[in-house]
Every structure is written in C-alpha cells, then in structure tokens.
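J.: So I've got this file, protein-v2.cif, and it contains mmCIF, C-alpha atoms:
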```cif
data_query
loop_
_atom_site.group_PDB
_atom_site.id
_atom_site.type_symbol
_atom_site.label_atom_id
_atom_site.label_comp_id
_atom_site.auth_asym_id
_atom_site.auth_seq_id
_atom_site.Cartn_x
_atom_site.Cartn_y
_atom_site.Cartn_z
ATOM 1 C CA MET A 1 0.000 0.000 0.000
ATOM 2 C CA SER A 2 1.487 3.334 -1.001
ATOM 3 C CA LEU A 3 2.203 6.016 1.563
ATOM 4 C CA GLY A 4 0.572 9.366 0.999
ATOM 5 C CA MET A 5 2.905 12.047 2.254
ATOM 6 C CA GLU A 6 6.178 12.920 3.905
ATOM 7 C CA LEU A 7 6.410 14.857 7.154
ATOM 8 C CA ARG A 8 9.552 16.562 8.372
ATOM 9 C CA VAL A 9 10.366 15.597 11.961
ATOM 10 C CA ARG A 10 12.226 17.842 14.406
ATOM 11 C CA SER A 11 13.096 17.533 18.093
ATOM 12 C CA ARG A 12 11.665 20.087 20.512
ATOM 13 C CA GLY A 13 13.514 20.701 23.752
ATOM 14 C CA ARG A 14 16.159 18.071 24.472
ATOM 15 C CA ILE A 15 17.439 16.448 21.280
ATOM 16 C CA ILE A 16 16.224 12.929 20.526
ATOM 17 C CA TRP A 17 19.252 11.684 18.619
ATOM 18 C CA THR A 18 17.517 8.560 17.280
ATOM 19 C CA LEU A 19 14.516 10.477 15.944
ATOM 20 C CA PRO A 20 14.126 10.232 12.152
ATOM 21 C CA THR A 21 14.204 13.441 10.143
ATOM 22 C CA GLN A 22 11.261 12.352 8.012
ATOM 23 C CA ALA A 23 8.188 10.181 8.430
ATOM 24 C CA SER A 24 6.156 8.627 5.629
ATOM 25 C CA VAL A 25 2.468 8.464 6.551
ATOM 26 C CA ARG A 26 -0.957 7.986 4.999
ATOM 27 C CA PRO A 27 -3.545 10.705 5.534
ATOM 28 C CA ASP A 28 -6.096 8.059 6.508
ATOM 29 C CA SER A 29 -3.903 6.594 9.286
ATOM 30 C CA THR A 30 -4.415 7.567 12.909
ATOM 31 C CA LEU A 31 -2.298 9.838 15.040
ATOM 32 C CA ALA A 32 -1.652 6.859 17.318
ATOM 33 C CA SER A 33 0.014 5.072 14.399
ATOM 34 C CA LEU A 34 2.247 8.118 13.868
ATOM 35 C CA TYR A 35 3.285 7.978 17.531
ATOM 36 C CA GLN A 36 3.991 4.252 17.256
ATOM 37 C CA HIS A 37 5.998 4.763 14.071
ATOM 38 C CA LEU A 38 8.224 7.413 15.659
ATOM 39 C CA ALA A 39 8.512 5.434 18.899
ATOM 40 C CA LYS A 40 9.638 2.311 17.068
ATOM 41 C CA ILE A 41 12.350 4.121 15.113
ATOM 42 C CA SER A 42 13.575 6.301 17.991
ATOM 43 C CA ARG A 43 13.366 3.390 20.469
ATOM 44 C CA TYR A 44 11.450 5.617 22.900
ATOM 45 C CA SER A 45 8.142 4.693 24.469
ATOM 46 C CA ALA A 46 5.246 6.395 22.706
ATOM 47 C CA ALA A 47 4.006 7.492 26.149
ATOM 48 C CA ARG A 48 7.007 9.777 26.660
ATOM 49 C CA LEU A 49 6.653 11.509 23.272
ATOM 50 C CA ARG A 50 4.530 14.582 22.562
ATOM 51 C CA ILE A 51 4.008 15.711 18.983
ATOM 52 C CA THR A 52 3.048 19.308 18.178
ATOM 53 C CA ARG A 53 2.525 21.414 15.071
ATOM 54 C CA SER A 54 4.862 24.194 16.255
ATOM 55 C CA MET A 55 8.192 24.583 18.003
ATOM 56 C CA ASN A 56 6.623 26.568 20.865
ATOM 57 C CA GLY A 57 4.413 23.631 21.837
ATOM 58 C CA ASN A 58 1.139 24.842 20.369
ATOM 59 C CA GLY A 59 -1.035 22.543 18.294
ATOM 60 C CA VAL A 60 -0.636 19.315 20.282
ATOM 61 C CA LEU A 61 -1.430 16.199 18.256
ATOM 62 C CA PRO A 62 -3.027 13.656 20.629
ATOM 63 C CA ASN A 63 -1.884 10.057 20.753
ATOM 64 C CA SER A 64 -5.328 8.847 19.691
ATOM 65 C CA ASN A 65 -6.784 6.036 17.628
ATOM 66 C CA ASP A 66 -9.881 8.178 17.051
ATOM 67 C CA VAL A 67 -8.202 11.033 15.159
ATOM 68 C CA LEU A 68 -6.887 10.695 11.604
ATOM 69 C CA ILE A 69 -3.833 12.562 10.325
ATOM 70 C CA SER A 70 -5.985 14.166 7.621
ATOM 71 C CA GLU A 71 -8.326 15.559 10.293
ATOM 72 C CA VAL A 72 -5.639 17.726 11.938
ATOM 73 C CA GLY A 73 -4.710 19.515 8.729
ATOM 74 C CA LEU A 74 -1.241 18.071 8.131
ATOM 75 C CA GLN A 75 -0.071 18.363 4.517
ATOM 76 C CA ASP A 76 2.764 16.823 2.548
ATOM 77 C CA GLY A 77 6.027 18.503 3.541
ATOM 78 C CA ASP A 78 4.729 19.917 6.853
ATOM 79 C CA SER A 79 6.933 19.832 9.933
ATOM 80 C CA ILE A 80 6.044 18.201 13.210
ATOM 81 C CA PHE A 81 7.927 18.684 16.462
ATOM 82 C CA VAL A 82 8.552 15.894 18.955
ATOM 83 C CA LYS A 83 9.335 16.453 22.625
ATOM 84 C CA ASP A 84 10.742 13.897 25.038
ATOM 85 C CA LEU A 85 8.598 14.137 28.190
ATOM 86 C CA GLY A 86 11.070 12.085 30.189
ATOM 87 C CA PRO A 87 10.540 8.769 31.974
ATOM 88 C CA GLN A 88 6.845 8.014 32.465
ATOM 89 C CA ILE A 89 4.816 6.029 34.969
ATOM 90 C CA SER A 90 1.288 4.732 34.556
ATOM 91 C CA TRP A 91 -1.548 6.457 36.392
ATOM 92 C CA ARG A 92 -2.604 3.110 37.838
ATOM 93 C CA THR A 93 0.833 2.671 39.404
ATOM 94 C CA VAL A 94 0.689 6.234 40.751
ATOM 95 C CA TYR A 95 -2.611 5.569 42.515
ATOM 96 C CA LEU A 96 -1.461 2.214 43.868
ATOM 97 C CA PHE A 97 1.666 3.864 45.275
ATOM 98 C CA GLU A 98 -0.303 6.822 46.616
ATOM 99 C CA TYR A 99 -2.791 4.716 48.590
ATOM 100 C CA ILE A 100 -0.472 1.984 49.833
ATOM 101 C CA GLY A 101 1.536 4.608 51.734
ATOM 102 C CA PRO A 102 -1.088 5.654 54.297
ATOM 103 C CA PHE A 103 -2.246 2.033 54.604
ATOM 104 C CA ILE A 104 1.260 0.931 55.649
ATOM 105 C CA ILE A 105 1.789 3.996 57.869
ATOM 106 C CA HIS A 106 -1.452 3.505 59.818
ATOM 107 C CA LEU A 107 -0.858 -0.221 60.166
ATOM 108 C CA THR A 108 2.748 0.220 61.316
ATOM 109 C CA TYR A 109 2.058 3.006 63.786
ATOM 110 C CA TYR A 110 -0.994 1.287 65.275
ATOM 111 C CA ILE A 111 0.885 -1.995 65.788
ATOM 112 C CA TYR A 112 3.929 -0.195 67.178
ATOM 113 C CA LEU A 113 1.960 1.943 69.625
ATOM 114 C CA PHE A 114 -0.544 -0.570 70.933
ATOM 115 C CA ASN A 115 1.507 -3.773 70.796
ATOM 116 C CA TYR A 116 5.051 -2.777 71.689
ATOM 117 C CA HIS A 117 3.736 -0.355 74.303
ATOM 118 C CA ARG A 118 0.632 -2.259 75.359
ATOM 119 C CA ALA A 119 1.672 -2.083 79.031
ATOM 120 C CA GLN A 120 1.286 1.712 78.830
ATOM 121 C CA TYR A 121 -1.356 2.253 76.143
ATOM 122 C CA ARG A 122 -4.585 0.567 75.153
ATOM 123 C CA PRO A 123 -6.600 1.759 72.168
ATOM 124 C CA SER A 124 -10.045 3.088 72.971
ATOM 125 C CA LEU A 125 -13.087 1.647 71.219
ATOM 126 C CA THR A 126 -13.173 4.749 69.024
ATOM 127 C CA GLN A 127 -9.493 4.460 68.072
ATOM 128 C CA ALA A 128 -9.872 0.774 67.209
ATOM 129 C CA LEU A 129 -12.948 1.528 65.100
ATOM 130 C CA LEU A 130 -11.232 4.440 63.327
ATOM 131 C CA PHE A 131 -8.238 2.241 62.549
ATOM 132 C CA PHE A 132 -10.530 -0.410 61.048
ATOM 133 C CA LEU A 133 -12.487 2.136 58.960
ATOM 134 C CA ILE A 134 -9.363 3.875 57.643
ATOM 135 C CA MET A 135 -7.866 0.500 56.681
ATOM 136 C CA LEU A 136 -11.074 -0.363 54.818
ATOM 137 C CA HIS A 137 -10.982 3.010 53.053
ATOM 138 C CA TYR A 138 -7.512 2.450 51.617
ATOM 139 C CA ILE A 139 -8.213 -1.205 50.767
ATOM 140 C CA LYS A 140 -11.232 0.047 48.811
ATOM 141 C CA ARG A 141 -9.009 2.605 47.095
ATOM 142 C CA GLU A 142 -6.533 -0.054 46.005
ATOM 143 C CA TYR A 143 -9.359 -2.300 44.768
ATOM 144 C CA GLU A 144 -10.892 0.542 42.743
ATOM 145 C CA THR A 145 -7.516 1.396 41.225
ATOM 146 C CA ILE A 146 -6.953 -2.180 40.056
ATOM 147 C CA TYR A 147 -10.452 -3.174 38.966
ATOM 148 C CA ILE A 148 -12.644 -0.087 38.467
ATOM 149 C CA HIS A 149 -10.796 3.091 37.494
ATOM 150 C CA GLN A 150 -10.041 3.808 33.844
ATOM 151 C CA PHE A 151 -7.637 6.539 32.857
ATOM 152 C CA SER A 152 -7.849 8.938 29.894
ATOM 153 C CA ASN A 153 -4.116 9.639 30.109
ATOM 154 C CA ALA A 154 -2.026 6.494 30.313
ATOM 155 C CA THR A 155 1.002 7.992 32.041
ATOM 156 C CA ILE A 156 2.475 10.994 33.840
ATOM 157 C CA PRO A 157 6.133 11.997 34.276
ATOM 158 C CA LEU A 158 7.891 9.849 36.865
ATOM 159 C CA ALA A 159 9.092 13.029 38.588
ATOM 160 C CA ASN A 160 5.454 13.814 39.530
ATOM 161 C CA LEU A 161 5.079 10.623 41.589
ATOM 162 C CA VAL A 162 6.252 12.189 44.850
ATOM 163 C CA LYS A 163 4.227 15.381 44.331
ATOM 164 C CA ASN A 164 1.057 13.368 43.715
ATOM 165 C CA SER A 165 1.591 11.254 46.837
ATOM 166 C CA VAL A 166 2.460 13.929 49.420
ATOM 167 C CA HIS A 167 -1.133 14.588 50.499
ATOM 168 C CA SER A 168 -1.898 10.902 51.050
ATOM 169 C CA TRP A 169 1.418 9.858 52.624
ATOM 170 C CA VAL A 170 2.039 12.920 54.800
ATOM 171 C CA GLY A 171 -1.532 14.054 55.443
ATOM 172 C CA GLY A 172 -3.546 10.845 55.298
ATOM 173 C CA GLY A 173 -0.729 8.735 56.698
ATOM 174 C CA ILE A 174 1.669 10.446 59.104
ATOM 175 C CA LEU A 175 -0.529 13.337 60.271
ATOM 176 C CA LEU A 176 -3.717 11.335 60.828
ATOM 177 C CA SER A 177 -2.136 8.257 62.401
ATOM 178 C CA THR A 178 -0.031 10.170 64.932
ATOM 179 C CA ALA A 179 -2.949 12.440 65.859
ATOM 180 C CA ILE A 180 -5.802 9.900 65.996
ATOM 181 C CA TYR A 181 -3.979 7.081 67.821
ATOM 182 C CA SER A 182 -2.185 9.305 70.327
ATOM 183 C CA PRO A 183 -3.091 8.473 73.936
ATOM 184 C CA ALA A 184 -3.576 12.216 74.462
ATOM 185 C CA SER A 185 -6.024 12.645 71.566
ATOM 186 C CA LEU A 186 -9.771 13.199 71.908
ATOM 187 C CA SER A 187 -10.349 9.873 70.157
ATOM 188 C CA ALA A 188 -8.704 8.155 73.124
ATOM 189 C CA ARG A 189 -11.494 9.470 75.354
ATOM 190 C CA PRO A 190 -14.985 7.937 75.654
ATOM 191 C CA LEU A 191 -17.451 8.938 72.932
ATOM 192 C CA ASN A 192 -21.201 8.841 73.442
ATOM 193 C CA LEU A 193 -22.948 6.238 71.310
ATOM 194 C CA PRO A 194 -25.234 8.610 69.331
ATOM 195 C CA THR A 195 -22.178 10.538 68.103
ATOM 196 C CA LEU A 196 -20.350 7.310 67.317
ATOM 197 C CA TYR A 197 -23.325 5.976 65.361
ATOM 198 C CA LEU A 198 -23.708 9.273 63.489
ATOM 199 C CA GLY A 199 -20.063 9.256 62.397
ATOM 200 C CA LEU A 200 -20.276 5.612 61.388
ATOM 201 C CA LEU A 201 -23.448 6.251 59.379
ATOM 202 C CA LEU A 202 -21.839 9.191 57.540
ATOM 203 C CA TRP A 203 -18.792 7.050 56.782
ATOM 204 C CA LEU A 204 -20.905 4.172 55.452
ATOM 205 C CA ILE A 205 -23.001 6.458 53.231
ATOM 206 C CA GLY A 206 -19.891 8.240 51.965
ATOM 207 C CA GLU A 207 -17.878 5.115 51.174
ATOM 208 C CA SER A 208 -20.754 3.204 49.556
ATOM 209 C CA GLY A 209 -21.832 6.259 47.566
ATOM 210 C CA ASN A 210 -18.286 6.900 46.425
ATOM 211 C CA LEU A 211 -17.941 3.285 45.281
ATOM 212 C CA LYS A 212 -21.275 3.405 43.449
ATOM 213 C CA THR A 213 -20.422 6.615 41.587
ATOM 214 C CA HIS A 214 -17.073 5.146 40.561
ATOM 215 C CA LEU A 215 -18.890 2.085 39.191
ATOM 216 C CA ILE A 216 -21.208 4.380 37.223
ATOM 217 C CA LEU A 217 -18.226 6.226 35.743
ATOM 218 C CA HIS A 218 -16.554 2.904 34.931
ATOM 219 C CA ASP A 219 -19.594 1.729 32.981
ATOM 220 C CA LEU A 220 -19.681 4.931 30.925
ATOM 221 C CA ARG A 221 -16.331 4.369 29.255
ATOM 222 C CA GLN A 222 -15.136 1.384 27.296
ATOM 223 C CA SER A 223 -11.694 0.142 28.313
ATOM 224 C CA GLY A 224 -8.917 1.723 26.285
ATOM 225 C CA THR A 225 -11.002 4.675 25.043
ATOM 226 C CA THR A 226 -11.533 8.269 26.143
ATOM 227 C CA GLU A 227 -15.177 8.411 25.013
ATOM 228 C CA ARG A 228 -17.461 10.047 27.568
ATOM 229 C CA LYS A 229 -21.118 9.263 28.120
ATOM 230 C CA LEU A 230 -23.576 11.127 30.292
ATOM 231 C CA PRO A 231 -23.530 9.908 33.930
ATOM 232 C CA THR A 232 -26.895 9.831 35.692
ATOM 233 C CA GLY A 233 -28.231 8.886 39.111
ATOM 234 C CA TRP A 234 -26.573 8.867 42.546
ATOM 235 C CA GLY A 235 -26.130 12.637 42.549
ATOM 236 C CA PHE A 236 -24.962 13.111 38.958
ATOM 237 C CA ASP A 237 -28.304 14.732 38.071
ATOM 238 C CA LEU A 238 -27.798 17.353 40.774
ATOM 239 C CA ILE A 239 -24.066 18.093 41.019
ATOM 240 C CA THR A 240 -21.027 17.775 38.796
ATOM 241 C CA CYS A 241 -18.916 15.333 40.815
ATOM 242 C CA PRO A 242 -20.895 13.407 43.452
ATOM 243 C CA ASN A 243 -17.975 10.986 43.808
ATOM 244 C CA TYR A 244 -16.049 13.812 45.487
ATOM 245 C CA SER A 245 -19.102 14.689 47.588
ATOM 246 C CA PHE A 246 -19.352 11.145 48.937
ATOM 247 C CA GLU A 247 -15.583 11.081 49.537
ATOM 248 C CA THR A 248 -15.928 14.249 51.596
ATOM 249 C CA LEU A 249 -18.876 12.805 53.530
ATOM 250 C CA SER A 250 -16.915 9.699 54.538
ATOM 251 C CA TRP A 251 -14.111 11.847 55.985
ATOM 252 C CA VAL A 252 -16.673 14.004 57.772
ATOM 253 C CA GLY A 253 -17.755 10.764 59.433
ATOM 254 C CA ILE A 254 -14.157 10.156 60.514
ATOM 255 C CA LEU A 255 -14.041 13.725 61.840
ATOM 256 C CA VAL A 256 -17.231 13.270 63.885
ATOM 257 C CA MET A 257 -15.843 10.145 65.530
ATOM 258 C CA SER A 258 -12.239 11.305 66.014
ATOM 259 C CA ARG A 259 -12.872 14.997 66.875
ATOM 260 C CA SER A 260 -9.309 15.521 65.646
ATOM 261 C CA TRP A 261 -7.815 18.779 64.384
ATOM 262 C CA ALA A 262 -5.645 16.699 62.045
ATOM 263 C CA VAL A 263 -8.715 15.400 60.215
ATOM 264 C CA VAL A 264 -9.905 18.996 59.793
ATOM 265 C CA VAL A 265 -6.591 19.954 58.169
ATOM 266 C CA PHE A 266 -6.489 16.849 55.969
ATOM 267 C CA LEU A 267 -10.125 17.288 54.943
ATOM 268 C CA ALA A 268 -9.705 20.995 54.172
ATOM 269 C CA PHE A 269 -6.784 20.353 51.813
ATOM 270 C CA GLY A 270 -8.591 17.413 50.262
ATOM 271 C CA VAL A 271 -11.821 19.338 49.630
ATOM 272 C CA ALA A 272 -9.869 22.242 48.130
ATOM 273 C CA GLN A 273 -8.083 19.903 45.719
ATOM 274 C CA MET A 274 -11.234 17.975 44.811
ATOM 275 C CA GLY A 275 -12.985 21.295 44.220
ATOM 276 C CA ILE A 276 -10.367 22.169 41.613
ATOM 277 C CA TRP A 277 -10.811 18.794 39.925
ATOM 278 C CA ALA A 278 -14.588 19.136 40.089
ATOM 279 C CA ARG A 279 -14.616 22.336 38.050
ATOM 280 C CA LYS A 280 -15.529 20.308 34.977
ATOM 281 C CA GLU A 281 -18.811 21.982 34.153
ATOM 282 C CA VAL A 282 -17.349 23.872 31.187
ATOM 283 C CA LYS A 283 -15.853 20.674 29.805
ATOM 284 C CA TYR A 284 -19.121 18.809 30.383
ATOM 285 C CA GLY A 285 -20.956 21.575 28.543
ATOM 286 C CA GLU A 286 -18.656 21.230 25.544
ATOM 287 C CA VAL A 287 -18.885 17.440 25.470
ATOM 288 C CA PHE A 288 -22.565 16.965 26.265
ATOM 289 C CA ARG A 289 -24.142 20.071 24.724
ATOM 290 C CA GLY A 290 -27.228 18.903 22.835
ATOM 291 C CA VAL A 291 -27.194 15.419 24.392
ATOM 292 C CA GLU A 292 -30.624 14.353 25.600
ATOM 293 C CA GLY A 293 -30.839 14.405 29.378
ATOM 294 C CA TYR A 294 -27.990 16.856 29.957
ATOM 295 C CA SER A 295 -28.618 20.038 31.905
ATOM 296 C CA LYS A 296 -26.140 22.459 33.425
ATOM 297 C CA LYS A 297 -25.559 21.708 37.098
ATOM 298 C CA LYS A 298 -25.969 24.437 39.691
ATOM 299 C CA TRP A 299 -23.491 22.928 42.142
ATOM 300 C CA VAL A 300 -20.040 21.415 41.834
ATOM 301 C CA MET A 301 -19.660 19.282 44.958
ATOM 302 C CA ILE A 302 -22.007 20.286 47.766
ATOM 303 C CA PRO A 303 -25.735 20.702 46.923
ATOM 304 C CA TRP A 304 -27.212 24.132 47.726
ATOM 305 C CA VAL A 305 -23.784 25.327 48.894
ATOM 306 C CA TRP A 306 -21.031 24.977 46.269
#
```
In structure tokens, write the structure found in this file.
T.:
Amino acid sequence: MSLGMELRVRSRGRIIWTLPTQASVRPDSTLASLYQHLAKISRYSAARLRITRSMNGNGVLPNSNDVLISEVGLQDGDSIFVKDLGPQISWRTVYLFEYIGPFIIHLTYYIYLFNYHRAQYRPSLTQALLFFLIMLHYIKREYETIYIHQFSNATIPLANLVKNSVHSWVGGGILLSTAIYSPASLSARPLNLPTLYLGLLLWLIGESGNLKTHLILHDLRQSGTTERKLPTGWGFDLITCPNYSFETLSWVGILVMSRSWAVVVFLAFGVAQMGIWARKEVKYGEVFRGVEGYSKKKWVMIPWVW
C-alpha cells in the first residue's frame, strides 16, 4: 500500500538523537500510528513523546486512535515537532503507590503503639474503630484502582510521583495516624454512642456512595477509550462530581468520631483539591451540549452550597 505524504520531523527541547528526520504516513492513518511509528524508530516509548505542530508547543497532536492525520490539517512537507517528556509512569501505578503509603503507615504506627507499648497504652473503642475504617478506606481505594478506574491519560512523568503522593502519605498517613492514635487525643477518650453511630453512618453512606459513583463512571467508558457518556443517578443529576461529595462525607464521618484537628486539616486540603478537579462543568458543557438528558448543574460538589 502506497504512503501518501512525507512529514519533516524535528526535536523540541532536548534532542532525541535517534529520531528520524522524516516520516512517511498515509492521511487516513491515525495519530496513534504516527506515535507508534516514531517510537519504534527512535526506540522511545510512545508514552514519553509529545508531537506538536509548532516549536513553541502549540497545536498538540493527541496520541489517539480516534483522530486521523488528515483531520488535523497536516499536509505533505509539513513539519512536526517531537518532545521527550522524560521517563513516564502509569496512572494506575501512581494511585497504587499513593494509597499503599497511608495504609502501611497507619498499620505500622498502630501496631507499634498498641503492641510494643501495650503495658502503657490501650486503644479506645473509638481508636480501634477508626483504625478499622481507615484500613477499609484504603483497601477500597486499592481495589478501585486495580479493577474499576479507567484513565484517559495512560502515564504521567515519573518526577510527579512524589508530588502526587504527598497529600496521602504525609496528610492521610503520618498526620492522621499520629494524631488519631495518640493516647492524648480526643479519640482516646470515651465517645457517646449517638455521636459514634452518626459518624459511622456518615462514613458508610460516603464510602458506599463513592464506590457506586465510581462504578457508574466505569460503565460509561469502554476500556482503552476516552469516550465520555452522560452519567446519571446517585447525585450526577444534581451536582457535577458526586464521587467527590461522597468522599468528603466519609471523611466528615471520621471527623465526627475522632474529633481531631488533624482530620480537619487533611479534609480541608482534600476538599480544596477535589474542588479544583470538580470544576468540569465547562468541559461537560462542551462534550454533552445537545445530548438528551444533559442540563447544566448548579453545584459542583455540595448541593445548595457549592
């Protein structure tokens, strides 16, 4: 089969010495095939390459099987610019690493404090329950990462791994474990049963709702694609990201039971970050405009508030 046109190939940023200077492509081939072609010749992973139409980085050509070369306006003799993004790591690995940290930290600190120092300290009923619930939370997170979550972007730069994990490891792990399990903490003191039951109920609603919304999102996208469908039910008809709302509710339950300042700090940072992620209404409007059943949401995360 004859090839339709020749593209000139240039490095952008650090020089990729094995990059070819030209690429023969067919207009009816996909951009993903162009990435694979350049990756094979340069011996770089396609995930660490970014192709643009200009040297300044504008006009990014996505690594997509759904977009043809002819659809992005490339012509015979045009130049494309390829940047090496550096070593990459999969999003799934990032999430697994992010959530295993606090799991190990809580487990280690709890065992250390209440087993090696059991002559001095005994966990209260509330502390034991909080430990169990937090363990379940991170086990659920690991399960969702392996079996439920699907990722539009396959990888991120390896250098971002630490930055993405700081909140979970330092906040969710070190800060919460040392504050909640401390013999001097409020959670070490007796808690009346109505308050305990209220916190447990909030946690159960939050965790089950969060899991259900993640299952809904999973069913909207076929594996290996970035196609979006309209999510409905379980809060999606009312707010933009009910999965973040349920996540917040589960940690409010932990706060009610623990009465810990550390949970307030961790929750405040978490809600602020989730609020940034939840600002997807403009994107939803672009994707779902004209789709039957779609209506602009009034709230992002918290009904009647935000």
J.: With a distance cut-off of 9 Å and all atoms listed in the file, select the neighbouring residues of Gly173 (chain A), excluding the residue or stretch itself and same-chain residues fewer than 6 positions from it, and output the selection as a ChimeraX atom specification.
T.: /A:101-106,167
J.: Contacts of Leu38 (chain A) at 8 Å or less, counting all atoms listed in the file, minus same-chain residues fewer than 5 places along, as an NGL selection string?
T.: :A and (19-20 or 23 or 46)
J.: List the spatial neighbours of region 195-200 of chain A as a compact mmCIF listing (two decimals) with C-alpha atoms, in the frame of the given file - criterion: any atom at most 6 Å away, only C-alpha atoms, same-chain residues fewer than 3 positions off excluded.
T.:
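part-v1.txt, freshly written:
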```
# COMPACT_ATOMS: atom_id res chain seq x y z
CA ASN A 192 -21.20 8.84 73.44
CA TRP A 203 -18.79 7.05 56.78
CA GLY A 253 -17.76 10.76 59.43
CA VAL A 256 -17.23 13.27 63.88
CA MET A 257 -15.84 10.14 65.53
```
J.: So which residues are close to (-8.9, 1.6, 67.5), meaning at most 10 Å away in the file's coordinates with all atoms listed in the file counted, and can you show them as a PyMOL selection string?
T.: chain A and resi 110+114+122-133+180-181+187-188
J.: I'd like to see the residues matched by the PyMOL selection byres ((chain A and resi 73-78) around 9) on this file, and ideally I'd get them as a count of residues only.
T.: 14
J.: In Å, how far is it from CA of Leu136 (chain A) to CA of Trp251 (chain A)?
T.: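 Taking CA of Leu136 (chain A) as the start and CA of Trp251 (chain A) as the end point, the length is 12.6 Å.
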J.: Enumerate, as a ChimeraX atom specification, the residues matched when the PyMOL selection byres ((chain A and resi 248) around 12) is run on the file above.
T.: /A:202-207,209-210,241-247,249-255,263-264,266-275,301-302
J.: Would you please work out which residue, of A:Val300, A:Leu217, A:Ile111, A:Tyr138, is nearest to Trp277 (chain A) when using all atoms listed in the file?
T.: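 Under the stated criterion, the closest residue is A:Val300.
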J.: Could you please determine the separation between CA of Leu49 (chain A) and CA of Tyr35 (chain A) in Å, to one decimal place?
T.: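 So the answer is 7.5 Å.
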J.: So what do you get for CA of Glu98 (chain A) versus CA of Asn164 (chain A), distance-wise?
T.: 7.3 Å
J.: I need the residue set behind the PyMOL selection byres ((chain A and resi 160) around 12) for this file; please write it as JSON, numbers by chain.
T.: {"A": [85, 86, 87, 88, 89, 90, 91, 94, 95, 98, 155, 156, 157, 158, 159, 161, 162, 163, 164, 165, 166]}
J.: Using the file's own x, y and z axes, so that the box edges lie along x, y and z, what centre and edge lengths in Å (one decimal) does a box around every listed atom of region 104-113 of chain A get when 3 Å is added on each side? Give it as JSON.
T.:
```
{"center_x": 1.2, "center_y": 1.0, "center_z": 62.6, "size_x": 11.4, "size_y": 12.0, "size_z": 20.0}
```
